[in-house]
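S.K.: So that you have it, the file is final35.tsv, and it contains TSV, C-alpha atoms:
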```tsv
chain	number	residue	atom	x	y	z
W	1391	ALA	CA	50.79	52.17	46.90
W	1392	ALA	CA	53.94	50.08	46.36
W	1393	ALA	CA	53.17	48.06	49.50
W	1394	ALA	CA	49.59	47.49	48.33
W	1395	ALA	CA	50.84	46.39	44.90
W	1396	GLY	CA	53.34	44.09	46.60
W	1397	LEU	CA	50.62	42.56	48.75
W	1398	ALA	CA	48.34	42.07	45.75
W	1399	LEU	CA	51.20	40.42	43.89
W	1400	ALA	CA	52.02	38.19	46.84
W	1401	MET	CA	48.38	37.15	47.14
W	1402	ALA	CA	48.17	36.45	43.41
W	1403	ALA	CA	51.41	34.45	43.58
W	1404	ARG	CA	50.07	32.50	46.55
W	1405	HIS	CA	46.93	31.77	44.57
W	1406	TRP	CA	48.72	30.72	41.40
W	1407	LEU	CA	51.64	28.90	42.98
W	1408	ARG	CA	49.63	26.92	45.49
W	1409	ARG	CA	49.30	23.20	44.91
W	1410	PRO	CA	46.12	22.32	42.99
W	1411	VAL	CA	43.38	20.82	45.15
W	1412	ARG	CA	43.23	17.02	44.99
W	1413	GLU	CA	40.87	15.51	47.52
W	1414	VAL	CA	38.76	12.41	47.97
W	1415	LEU	CA	35.74	12.46	50.28
W	1416	PHE	CA	33.92	9.35	51.45
W	1417	PHE	CA	30.47	9.12	52.93
W	1418	PRO	CA	28.47	8.45	55.11
W	1419	SER	CA	29.41	11.60	56.94
W	1420	PRO	CA	28.27	11.59	60.61
W	1421	PRO	CA	25.49	14.06	61.52
W	1422	SER	CA	27.24	17.32	62.35
W	1423	CYS	CA	26.47	21.00	62.85
W	1424	THR	CA	27.55	23.17	59.92
W	1425	GLU	CA	25.86	26.30	61.29
W	1426	ALA	CA	29.11	28.11	62.21
W	1427	LEU	CA	30.61	27.36	58.78
W	1428	LEU	CA	27.55	28.66	56.93
W	1429	ALA	CA	27.02	31.68	59.21
W	1430	GLU	CA	30.66	32.69	58.74
W	1431	ALA	CA	30.24	32.43	54.97
W	1432	GLU	CA	27.12	34.59	55.19
W	1433	GLY	CA	29.37	37.42	56.32
W	1434	PRO	CA	29.45	40.11	58.99
W	1435	GLY	CA	25.66	40.58	59.08
W	1436	ALA	CA	25.13	36.98	60.18
W	1437	PRO	CA	24.11	36.14	63.78
W	1438	ALA	CA	27.06	35.81	66.14
W	1439	GLN	CA	25.51	33.40	68.67
W	1440	PRO	CA	26.81	29.86	68.54
W	1441	CYS	CA	24.27	27.24	67.45
W	1442	PRO	CA	22.61	25.60	70.48
W	1443	CYS	CA	22.21	22.19	68.79
W	1444	PRO	CA	24.02	19.22	70.36
W	1445	LEU	CA	25.61	17.93	67.14
W	1446	PRO	CA	29.42	17.86	66.91
W	1447	ARG	CA	31.07	20.68	64.91
W	1448	SER	CA	34.00	18.55	63.85
W	1449	ASP	CA	35.47	18.41	60.38
W	1450	CYS	CA	33.69	15.83	58.22
W	1451	SER	CA	33.07	15.01	54.56
W	1452	LEU	CA	29.99	17.28	54.46
W	1453	SER	CA	31.86	20.25	55.96
W	1454	ARG	CA	34.72	19.70	53.51
W	1455	LEU	CA	32.33	19.58	50.57
W	1456	LEU	CA	30.66	22.78	51.83
W	1457	ARG	CA	34.04	24.53	52.12
W	1458	ARG	CA	34.96	23.61	48.54
W	1459	LEU	CA	31.67	25.04	47.28
W	1460	LEU	CA	31.90	28.16	49.43
W	1461	SER	CA	35.30	28.91	47.90
W	1462	ALA	CA	33.48	29.98	44.69
W	1463	ARG	CA	34.06	33.62	43.77
W	1464	ARG	CA	32.78	33.89	40.20
W	1465	SER	CA	30.83	30.90	38.95
W	1466	LEU	CA	29.26	27.63	40.01
W	1467	GLU	CA	27.82	25.05	37.63
W	1468	ILE	CA	25.83	22.25	39.26
W	1469	CYS	CA	24.59	19.13	37.50
W	1470	LEU	CA	22.69	16.92	39.94
W	1471	PHE	CA	20.19	14.11	39.73
W	1472	ALA	CA	18.84	14.78	43.25
W	1473	PHE	CA	19.29	17.83	45.46
W	1474	SER	CA	17.53	17.93	48.81
W	1475	CYS	CA	20.24	18.61	51.44
W	1476	PRO	CA	19.26	21.86	53.23
W	1477	GLN	CA	22.84	22.84	54.15
W	1478	LEU	CA	24.07	22.47	50.57
W	1479	GLY	CA	20.98	24.33	49.31
W	1480	ARG	CA	21.72	27.17	51.75
W	1481	ALA	CA	25.34	27.33	50.58
W	1482	VAL	CA	24.27	27.59	46.94
W	1483	ARG	CA	21.75	30.38	47.68
W	1484	LEU	CA	24.40	32.18	49.73
W	1485	LEU	CA	26.81	32.08	46.78
W	1486	HIS	CA	24.09	33.43	44.49
W	1487	ARG	CA	23.46	36.34	46.90
W	1488	ARG	CA	27.21	36.95	47.01
W	1489	GLY	CA	27.15	37.53	43.23
W	1490	VAL	CA	28.50	34.17	42.08
W	1491	ARG	CA	26.91	33.15	38.76
W	1492	VAL	CA	25.10	29.95	39.69
W	1493	ARG	CA	23.54	27.62	37.11
W	1494	VAL	CA	21.82	24.36	38.02
W	1495	VAL	CA	20.85	21.41	35.83
W	1496	THR	CA	18.72	18.68	37.35
W	1497	ASP	CA	16.46	15.72	36.64
W	1498	ALA	CA	12.79	16.48	35.98
W	1499	GLN	CA	11.48	13.34	37.72
W	1500	TYR	CA	13.25	14.09	40.99
W	1501	MET	CA	13.04	17.87	41.27
W	1502	GLY	CA	9.34	17.96	42.17
W	1503	LEU	CA	9.62	15.48	45.05
W	1504	ARG	CA	9.03	16.60	48.63
W	1505	GLY	CA	12.21	17.96	50.19
W	1506	SER	CA	13.82	18.93	46.89
W	1507	GLN	CA	15.86	22.14	47.11
W	1508	ILE	CA	15.13	23.08	43.50
W	1509	GLY	CA	12.04	25.18	44.30
W	1510	LEU	CA	13.97	27.17	46.91
W	1511	LEU	CA	16.82	27.79	44.47
W	1512	ARG	CA	14.41	29.05	41.79
W	1513	HIS	CA	12.60	31.17	44.38
W	1514	ALA	CA	15.96	32.77	45.22
W	1515	GLY	CA	16.38	33.70	41.55
W	1516	ILE	CA	18.84	30.98	40.57
W	1517	GLN	CA	18.62	29.65	37.01
W	1518	VAL	CA	17.60	25.99	36.90
W	1519	ARG	CA	17.11	23.81	33.85
W	1520	HIS	CA	15.95	20.20	33.68
W	1521	ASP	CA	15.74	17.34	31.22
W	1522	GLN	CA	12.59	16.59	29.32
W	1523	GLY	CA	13.30	13.17	27.89
W	1524	HIS	CA	13.33	9.57	28.92
W	1525	GLY	CA	16.36	8.40	30.86
W	1526	TYR	CA	17.77	10.22	33.84
W	1527	MET	CA	19.98	13.27	34.11
W	1528	HIS	CA	22.10	11.18	36.45
W	1529	HIS	CA	25.27	13.31	36.73
W	1530	LYS	CA	26.41	14.43	40.18
W	1531	PHE	CA	29.04	17.07	39.59
W	1532	ALA	CA	29.78	20.73	40.24
W	1533	ILE	CA	32.39	23.09	38.85
W	1534	VAL	CA	33.72	25.97	40.96
W	1535	ASP	CA	35.13	29.07	39.19
W	1536	ARG	CA	35.72	27.03	36.02
W	1537	ARG	CA	38.76	25.44	37.67
W	1538	MET	CA	37.67	22.92	40.31
W	1539	LEU	CA	35.66	19.80	39.54
W	1540	ILE	CA	33.65	18.08	42.28
W	1541	THR	CA	32.27	14.76	41.04
W	1542	GLY	CA	31.30	11.32	42.27
W	1543	SER	CA	28.46	9.02	43.24
W	1544	LEU	CA	26.90	11.41	45.77
W	1545	ASN	CA	23.52	12.99	45.21
W	1546	TRP	CA	23.17	16.02	47.43
W	1547	THR	CA	20.58	14.50	49.74
W	1548	THR	CA	20.71	14.12	53.52
W	1549	GLN	CA	19.95	10.42	53.16
W	1550	ALA	CA	22.93	9.88	50.87
W	1551	ILE	CA	25.24	12.03	53.00
W	1552	GLN	CA	24.34	10.42	56.30
W	1553	THR	CA	23.60	6.79	55.41
W	1554	ASN	CA	25.03	5.74	52.04
W	1555	ARG	CA	28.48	4.59	51.02
W	1556	GLU	CA	29.45	7.34	48.58
W	1557	ASN	CA	32.53	8.99	47.10
W	1558	VAL	CA	33.35	12.47	45.88
W	1559	LEU	CA	36.51	13.42	44.06
W	1560	VAL	CA	37.78	17.00	43.97
W	1561	VAL	CA	40.13	17.81	41.09
W	1562	GLU	CA	41.69	21.11	40.15
W	1563	ASP	CA	43.08	20.12	36.78
W	1564	ALA	CA	42.06	21.66	33.46
W	1565	GLU	CA	42.36	18.32	31.67
W	1566	TYR	CA	39.46	16.99	33.75
W	1567	VAL	CA	37.55	20.22	34.33
W	1568	LYS	CA	37.30	21.15	30.63
W	1569	PRO	CA	35.30	18.10	29.43
W	1570	TYR	CA	32.87	18.46	32.35
W	1571	LEU	CA	32.42	22.17	31.58
W	1572	ASP	CA	31.78	21.29	27.94
W	1573	GLU	CA	29.26	18.63	29.01
W	1574	PHE	CA	27.55	21.19	31.25
W	1575	GLU	CA	27.27	23.72	28.41
W	1576	ARG	CA	25.92	21.04	26.05
W	1577	ILE	CA	23.26	20.05	28.56
W	1578	TRP	CA	22.51	23.67	29.44
W	1579	GLU	CA	21.75	24.41	25.78
W	1580	GLU	CA	19.85	21.18	25.20
W	1581	TYR	CA	17.65	21.89	28.24
W	1582	ASN	CA	17.00	25.48	27.20
W	1583	PRO	CA	13.26	26.01	27.77
W	1584	THR	CA	12.93	27.26	24.19
W	1585	ASN	CA	13.74	23.69	23.14
W	1586	TYR	CA	11.03	22.07	25.27
W	1587	ARG	CA	8.48	20.06	23.35
W	1588	PHE	CA	5.12	20.01	25.09
W	1589	LEU	CA	3.98	16.54	24.12
D	975	ALA	CA	69.49	-13.67	25.03
D	976	ALA	CA	70.80	-10.10	24.97
D	977	ALA	CA	68.24	-9.21	22.32
D	978	ALA	CA	65.47	-10.77	24.42
D	979	ALA	CA	66.62	-8.89	27.50
D	980	GLY	CA	66.74	-5.70	25.48
D	981	LEU	CA	63.24	-6.28	24.20
D	982	ALA	CA	61.95	-6.99	27.72
D	983	LEU	CA	63.64	-3.83	28.95
D	984	ALA	CA	62.18	-1.79	26.11
D	985	MET	CA	58.70	-3.14	26.84
D	986	ALA	CA	59.09	-2.41	30.55
D	987	ALA	CA	60.33	1.09	29.75
D	988	ARG	CA	57.41	1.63	27.40
D	989	HIS	CA	55.07	0.51	30.15
D	990	TRP	CA	56.62	2.67	32.87
D	991	LEU	CA	57.40	5.72	30.79
D	992	ARG	CA	54.05	5.93	29.03
D	993	ARG	CA	51.79	8.79	29.97
D	994	PRO	CA	49.32	7.81	32.71
D	995	VAL	CA	45.77	7.25	31.48
D	996	ARG	CA	43.50	10.25	32.00
D	997	GLU	CA	40.15	9.90	30.33
D	998	VAL	CA	36.59	11.16	30.71
D	999	LEU	CA	33.67	9.19	29.28
D	1000	PHE	CA	30.18	10.56	28.91
D	1001	PHE	CA	26.97	8.63	28.42
D	1002	PRO	CA	24.47	7.85	26.91
D	1003	SER	CA	26.53	5.67	24.63
D	1004	PRO	CA	24.67	4.70	21.43
D	1005	PRO	CA	23.69	1.02	21.06
D	1006	SER	CA	26.71	-0.69	19.51
D	1007	CYS	CA	28.10	-4.17	18.92
D	1008	THR	CA	30.96	-5.06	21.28
D	1009	GLU	CA	31.10	-8.70	20.14
D	1010	ALA	CA	34.41	-8.37	18.26
D	1011	LEU	CA	36.04	-6.61	21.20
D	1012	LEU	CA	34.91	-9.27	23.68
D	1013	ALA	CA	35.64	-12.23	21.35
D	1014	GLU	CA	39.16	-10.92	20.77
D	1015	ALA	CA	39.68	-10.61	24.52
D	1016	GLU	CA	38.45	-14.20	24.95
D	1017	GLY	CA	41.52	-15.27	23.03
D	1018	PRO	CA	42.43	-17.64	20.20
D	1019	GLY	CA	39.76	-20.20	21.06
D	1020	ALA	CA	36.97	-17.68	20.45
D	1021	PRO	CA	34.73	-17.92	17.36
D	1022	ALA	CA	36.22	-16.19	14.33
D	1023	GLN	CA	32.96	-15.33	12.55
D	1024	PRO	CA	31.97	-11.69	12.62
D	1025	CYS	CA	28.78	-10.93	14.55
D	1026	PRO	CA	25.75	-10.81	12.22
D	1027	CYS	CA	23.92	-8.11	14.23
D	1028	PRO	CA	23.19	-4.79	12.50
D	1029	LEU	CA	24.54	-2.52	15.29
D	1030	PRO	CA	27.50	-0.27	14.51
D	1031	ARG	CA	30.92	-1.42	15.76
D	1032	SER	CA	32.24	2.08	16.19
D	1033	ASP	CA	34.22	3.34	19.14
D	1034	CYS	CA	31.92	4.60	21.92
D	1035	SER	CA	31.95	5.21	25.66
D	1036	LEU	CA	30.91	1.60	26.38
D	1037	SER	CA	33.67	0.13	24.19
D	1038	ARG	CA	36.21	2.43	25.83
D	1039	LEU	CA	35.07	1.41	29.29
D	1040	LEU	CA	35.29	-2.27	28.25
D	1041	ARG	CA	38.83	-1.75	26.92
D	1042	ARG	CA	39.96	-0.17	30.20
D	1043	LEU	CA	38.57	-3.11	32.16
D	1044	LEU	CA	39.98	-5.70	29.77
D	1045	SER	CA	43.45	-4.22	30.27
D	1046	ALA	CA	43.49	-5.86	33.75
D	1047	ARG	CA	46.30	-8.40	34.16
D	1048	ARG	CA	46.42	-9.07	37.89
D	1049	SER	CA	43.49	-7.66	39.88
D	1050	LEU	CA	40.12	-6.00	39.56
D	1051	GLU	CA	38.16	-4.52	42.45
D	1052	ILE	CA	34.57	-3.54	41.65
D	1053	CYS	CA	32.28	-1.57	43.94
D	1054	LEU	CA	28.89	-1.07	42.27
D	1055	PHE	CA	25.39	-0.21	43.40
D	1056	ALA	CA	23.81	-1.82	40.31
D	1057	PHE	CA	25.34	-4.23	37.80
D	1058	SER	CA	23.13	-5.62	35.04
D	1059	CYS	CA	24.93	-4.83	31.76
D	1060	PRO	CA	25.57	-8.20	30.01
D	1061	GLN	CA	28.66	-6.99	28.10
D	1062	LEU	CA	30.35	-5.69	31.24
D	1063	GLY	CA	29.36	-8.87	33.10
D	1064	ARG	CA	30.92	-10.97	30.31
D	1065	ALA	CA	34.12	-8.90	30.47
D	1066	VAL	CA	34.42	-9.42	34.23
D	1067	ARG	CA	33.88	-13.20	33.94
D	1068	LEU	CA	36.41	-13.32	31.12
D	1069	LEU	CA	39.00	-11.59	33.33
D	1070	HIS	CA	38.29	-14.06	36.12
D	1071	ARG	CA	38.85	-16.99	33.71
D	1072	ARG	CA	42.07	-15.35	32.56
D	1073	GLY	CA	43.34	-15.52	36.17
D	1074	VAL	CA	42.76	-11.92	37.21
D	1075	ARG	CA	41.82	-11.74	40.91
D	1076	VAL	CA	38.32	-10.25	40.76
D	1077	ARG	CA	36.46	-9.04	43.86
D	1078	VAL	CA	33.00	-7.46	43.73
D	1079	VAL	CA	31.14	-5.43	46.33
D	1080	THR	CA	27.51	-4.56	45.66
D	1081	ASP	CA	24.25	-3.40	47.20
D	1082	ALA	CA	22.02	-6.06	48.75
D	1083	GLN	CA	18.74	-4.42	47.68
D	1084	TYR	CA	19.69	-4.29	44.02
D	1085	MET	CA	21.62	-7.50	43.48
D	1086	GLY	CA	18.57	-9.79	43.58
D	1087	LEU	CA	16.60	-7.86	40.96
D	1088	ARG	CA	15.86	-9.41	37.58
D	1089	GLY	CA	18.69	-8.81	35.12
D	1090	SER	CA	21.37	-8.40	37.79
D	1091	GLN	CA	24.73	-9.86	36.76
D	1092	ILE	CA	25.67	-10.73	40.34
D	1093	GLY	CA	24.27	-14.28	40.22
D	1094	LEU	CA	26.22	-15.01	37.02
D	1095	LEU	CA	29.41	-13.66	38.56
D	1096	ARG	CA	28.98	-15.85	41.64
D	1097	HIS	CA	28.12	-18.84	39.46
D	1098	ALA	CA	31.42	-18.26	37.64
D	1099	GLY	CA	33.25	-18.47	40.97
D	1100	ILE	CA	33.84	-14.76	41.49
D	1101	GLN	CA	33.86	-13.51	45.08
D	1102	VAL	CA	30.98	-11.11	45.77
D	1103	ARG	CA	30.15	-9.35	49.03
D	1104	HIS	CA	27.22	-7.07	49.80
D	1105	ASP	CA	26.06	-4.64	52.47
D	1106	GLN	CA	23.70	-5.69	55.19
D	1107	GLY	CA	22.66	-2.38	56.64
D	1108	HIS	CA	20.31	0.46	55.96
D	1109	GLY	CA	21.48	2.98	53.41
D	1110	TYR	CA	22.83	2.05	50.01
D	1111	MET	CA	26.23	0.83	48.92
D	1112	HIS	CA	26.04	3.54	46.28
D	1113	HIS	CA	29.64	3.61	44.99
D	1114	LYS	CA	30.26	3.08	41.29
D	1115	PHE	CA	33.98	2.49	40.94
D	1116	ALA	CA	36.49	-0.10	39.80
D	1117	ILE	CA	40.24	-0.40	40.25
D	1118	VAL	CA	42.37	-2.16	37.61
D	1119	ASP	CA	45.70	-3.71	38.67
D	1120	ARG	CA	45.82	-1.43	41.73
D	1121	ARG	CA	46.83	1.46	39.48
D	1122	MET	CA	43.83	2.65	37.45
D	1123	LEU	CA	40.69	4.09	39.01
D	1124	ILE	CA	37.42	4.09	37.05
D	1125	THR	CA	34.76	6.12	38.88
D	1126	GLY	CA	31.71	8.26	38.26
D	1127	SER	CA	27.92	8.40	38.27
D	1128	LEU	CA	27.43	5.34	36.05
D	1129	ASN	CA	25.87	2.16	37.33
D	1130	TRP	CA	26.77	-0.71	35.04
D	1131	THR	CA	23.27	-1.15	33.64
D	1132	THR	CA	22.16	-1.10	30.02
D	1133	GLN	CA	19.54	1.51	30.86
D	1134	ALA	CA	22.13	3.87	32.33
D	1135	ILE	CA	24.59	3.25	29.49
D	1136	GLN	CA	22.08	3.76	26.68
D	1137	THR	CA	19.66	6.37	28.05
D	1138	ASN	CA	21.06	8.33	30.99
D	1139	ARG	CA	23.34	11.35	31.16
D	1140	GLU	CA	26.32	9.87	33.01
D	1141	ASN	CA	30.03	10.43	33.48
D	1142	VAL	CA	33.01	8.18	34.15
D	1143	LEU	CA	36.47	9.37	34.97
D	1144	VAL	CA	39.55	7.21	34.42
D	1145	VAL	CA	42.58	8.17	36.49
D	1146	GLU	CA	45.94	6.48	36.71
D	1147	ASP	CA	47.33	8.38	39.67
D	1148	ALA	CA	48.30	6.82	43.00
D	1149	GLU	CA	47.08	9.86	44.93
D	1150	TYR	CA	43.52	9.08	43.81
D	1151	VAL	CA	43.77	5.30	43.48
D	1152	LYS	CA	45.09	4.73	47.01
D	1153	PRO	CA	42.10	6.15	48.96
D	1154	TYR	CA	39.66	4.21	46.76
D	1155	LEU	CA	41.65	0.99	47.30
D	1156	ASP	CA	41.61	1.65	51.05
D	1157	GLU	CA	37.85	2.28	50.91
D	1158	PHE	CA	37.42	-0.99	48.99
D	1159	GLU	CA	39.41	-2.95	51.57
D	1160	ARG	CA	37.44	-1.35	54.43
D	1161	ILE	CA	34.14	-2.32	52.80
D	1162	TRP	CA	35.44	-5.76	51.84
D	1163	GLU	CA	36.22	-6.46	55.49
D	1164	GLU	CA	33.03	-4.89	56.83
D	1165	TYR	CA	30.95	-7.00	54.43
D	1166	ASN	CA	32.79	-10.20	55.30
D	1167	PRO	CA	30.05	-12.85	55.69
D	1168	THR	CA	31.47	-13.74	59.11
D	1169	ASN	CA	30.29	-10.29	60.21
D	1170	TYR	CA	26.70	-10.71	59.03
D	1171	ARG	CA	24.08	-10.40	61.69
D	1172	PHE	CA	20.97	-12.43	60.92
D	1173	LEU	CA	18.33	-10.16	62.41
```
Could you spell out this file's structure in structure tokens?
M.R.:
Amino acid sequence: AAAAAGLALAMAARHWLRRPVREVLFFPSPPSCTEALLAEAEGPGAPAQPCPCPLPRSDCSLSRLLRRLLSARRSLEICLFAFSCPQLGRAVRLLHRRGVRVRVVTDAQYMGLRGSQIGLLRHAGIQVRHDQGHGYMHHKFAIVDRRMLITGSLNWTTQAIQTNRENVLVVEDAEYVKPYLDEFERIWEEYNPTNYRFL
Amino acid sequence: AAAAAGLALAMAARHWLRRPVREVLFFPSPPSCTEALLAEAEGPGAPAQPCPCPLPRSDCSLSRLLRRLLSARRSLEICLFAFSCPQLGRAVRLLHRRGVRVRVVTDAQYMGLRGSQIGLLRHAGIQVRHDQGHGYMHHKFAIVDRRMLITGSLNWTTQAIQTNRENVLVVEDAEYVKPYLDEFERIWEEYNPTNYRFL
């Protein structure tokens, strides 16, 4: 019991004493296979065969972004203008199945377009809310476990990831995370379906 | 002379010992009059009459963004998908006239649209380069005096500023500024007109 307590303490210390994440990701990210990364995150029940596709499995901005998201243990807030990247959609559904509390805010004009992941997220039981006004819900940020902010110019679309010049900043710093969390909660309440006006 | 040296030292100390800027701006920003702010920045030769327009002069996200930009003394790198906001365009031209080294990178598809500020910037003698490929130059960041990064979801358009949900993060931290400066220099070289292919 003492050893177990010691281990738990050591793990907690490692968690709390580690250096906060500070990362910058640039895109385009070359086409790559993220199957192994996602299958591993899906856990022991996932298929063990390696993916037969010819794409490289190397570390890239997309795989790094996926790893940051997959580190979520309790909560994930997502605020995205456009969301159509299948790998990122799969990661978000996986987190939801794992018991992470996922909430998504998106733009009404974009979410119905072909290829949007929003329908799949809702089908999986994930809460999604969208704007109802003029102007765009143009944010592109996510917050992992209320402590890590992922924000930038990148919409989560394959086109943006593979062909655009984009940036994503990862910050684990309460001074930046807090205002984004507050903004998320403001938008979440404003986009509450009970507030929709059917004009 | 000793007093002057002391004063210079005190000012330098104040500059170097001050807390680094860390700010988050959210939009939409309500319509407001930034005339006084810009006229003051234009210096002693600027008209002294107050602006007759009825818009409020209160502090807002746009005025804060303008103040951060106008703090530039030596250099300003701008990397923007869309740039059509007249106030921000005026601020950039003003900095150029003041002797700040301004460089602008933008997206070829957007820069020719009606309302774009890019033509006015070029007309003022500011260096502008643009992409020539497929995919968008979708960044939305600026770097002031090689020490302050301004980045987020916001394109510098009046529509985005006044009607969209947007975020801008201001960071004075070399660990974040450096990779964005490197990205700017990479793009600046890649978009060098000598590299254009006329296909």
S.K.: Which residues of chain W come within 6 Å of chain D, and for each one, what is the closest pair of atoms and their distance in Å to one decimal, counting only C-alpha atoms, sorted by chain and residue number, as JSON lines?
M.R.:
```
{"residue": "W:Gly1525", "atom": "CA", "partner": "D:Asn1138", "partner_atom": "CA", "distance": 4.7}
{"residue": "W:Tyr1526", "atom": "CA", "partner": "D:Asn1138", "partner_atom": "CA", "distance": 4.7}
{"residue": "W:Met1527", "atom": "CA", "partner": "D:Arg1139", "partner_atom": "CA", "distance": 4.9}
{"residue": "W:His1528", "atom": "CA", "partner": "D:Arg1139", "partner_atom": "CA", "distance": 5.4}
{"residue": "W:His1529", "atom": "CA", "partner": "D:Glu1140", "partner_atom": "CA", "distance": 5.2}
{"residue": "W:Gly1542", "atom": "CA", "partner": "D:Gly1126", "partner_atom": "CA", "distance": 5.1}
{"residue": "W:Ser1543", "atom": "CA", "partner": "D:Ser1127", "partner_atom": "CA", "distance": 5.0}
{"residue": "W:Thr1553", "atom": "CA", "partner": "D:Gly1109", "partner_atom": "CA", "distance": 4.8}
{"residue": "W:Asn1554", "atom": "CA", "partner": "D:Gly1109", "partner_atom": "CA", "distance": 4.7}
{"residue": "W:Arg1555", "atom": "CA", "partner": "D:Met1111", "partner_atom": "CA", "distance": 4.9}
{"residue": "W:Glu1556", "atom": "CA", "partner": "D:His1113", "partner_atom": "CA", "distance": 5.2}
```
S.K.: Identify, on the basis of all atoms listed in the file, every residue whose closest approach to Cys1450 of chain W does not exceed 8 Å; exclude the query and any residue fewer than 3 positions from it along the same chain; express the result as number ranges by chain.
M.R.: W: 1419-1420, 1422, 1453-1454
S.K.: Just the number, please: distance in Å from atom CA of Phe1057 of chain D to atom CA of His1097 of chain D, one decimal.
M.R.: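 Straight-line distance from atom CA of Phe1057 of chain D to atom CA of His1097 of chain D works out to 15.0 Å.
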S.K.: Taking 3 positions as the minimum chain separation for residues in the same chain, which residues sit within 12 Å of Pro1026 of chain D when counting all atoms listed in the file? Answer as a PyMOL selection string.
M.R.: chain D and resi 1007-1010+1022-1023+1029-1031
S.K.: What is the distance between atom CA of Arg988 of chain D and atom CA of Ile1052 of chain D, in Å to one decimal?
M.R.: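 Spanning atom CA of Arg988 of chain D to atom CA of Ile1052 of chain D is a straight-line distance of 27.4 Å.
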S.K.: Could you check how far atom CA of His1520 of chain W sits from atom CA of Ser1058 of chain D, in Å to one decimal?
M.R.: 26.8 Å
S.K.: In the coordinate frame of the file, compute which residues have an atom within 12 Å of (38.9, -4.7, 42.4) when using only C-alpha atoms, and state them as a PyMOL selection string.
M.R.: chain D and resi 1043+1046-1054+1066+1069-1070+1074-1080+1100-1103+1114-1124+1151+1154-1159+1161-1162
